[in-house]
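Data block below; observations after.
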Amino acid sequence: MGYANLRELQTALTTASDLASALQSAPTRQGADQLVDVLRQALTAASSLGAETGPTGCALHPGGAVDPLYGDPEDPLPPGYGKCLLCNDRRRRADAHHPHVRPHTRTHPRWRRRLSA
């Protein structure tokens, strides 16, 4: 869902409301057709709100590239990986980089206590 789709829906609904309010007791065919067209635009905009955006289906990178390994039976992606190449690359880098755990020892200078005699 993009801001443009939501804005298009809001505009179409406002226009439809204005047209419906302006209809007389006996609306003309032209007025009814105009209202139907605007309602179709609103329906199209509303349908696009819940649809996957872009080939990746990724909310962060809807127009990004699809991972070439996605769907590859010989070299499958790990569980939790999607179609988005950018997100999968980030996951690969995070999996490859394991932070070094530094053990805390009691000999660290900040932990030494001064012994006063």
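Please note that chains go A, B, ... in the order of the structure tokens, that every chain numbers its residues from 1, and that ligands are numbered from 1 in the order shown.
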All alpha helix (DSSP H) positions in segment 34-81 of chain A, as a ChimeraX atom specification: /A:34-49
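Residues in contact with Leu85 of chain A at up to 6 Å, not including ones fewer than 2 positions away on its chain and judged by only C-alpha atoms, are Ala65, Val66, Asp67, Cys87, Asn88 and Asp89 of chain A.
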C-alpha atoms of the current selection, written as a PDB file, in the first residue's frame:
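Dumped everything to again_14.pdb:
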```
ATOM      1  CA  ALA A  65      15.216  -7.058  -6.904  1.00  0.00           C
ATOM      2  CA  VAL A  66      14.076 -10.634  -6.408  1.00  0.00           C
ATOM      3  CA  ASP A  67      16.722 -12.917  -4.907  1.00  0.00           C
ATOM      4  CA  CYS A  87      16.554  -8.099   2.884  1.00  0.00           C
ATOM      5  CA  ASN A  88      18.119 -11.495   2.185  1.00  0.00           C
ATOM      6  CA  ASP A  89      21.515  -9.872   1.693  1.00  0.00           C
TER       7      ASP A  89
END
```
Nearest-residue call for Leu6 of chain A, choices A:Leu39, A:Cys58, A:Ala46, A:Leu23, using only C-alpha atoms: A:Ala46
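Comparing the minimum interatomic distances between Gly57 of chain A and each of A:Cys84, A:Leu69, A:Ala94, A:Ala22, counting only C-alpha atoms, we find that A:Cys84 sits nearest.
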Best match for closeness to Ser47 of chain A among A:Leu60, A:Leu9, A:Ala96, A:Leu86, counting only C-alpha atoms: A:Leu9
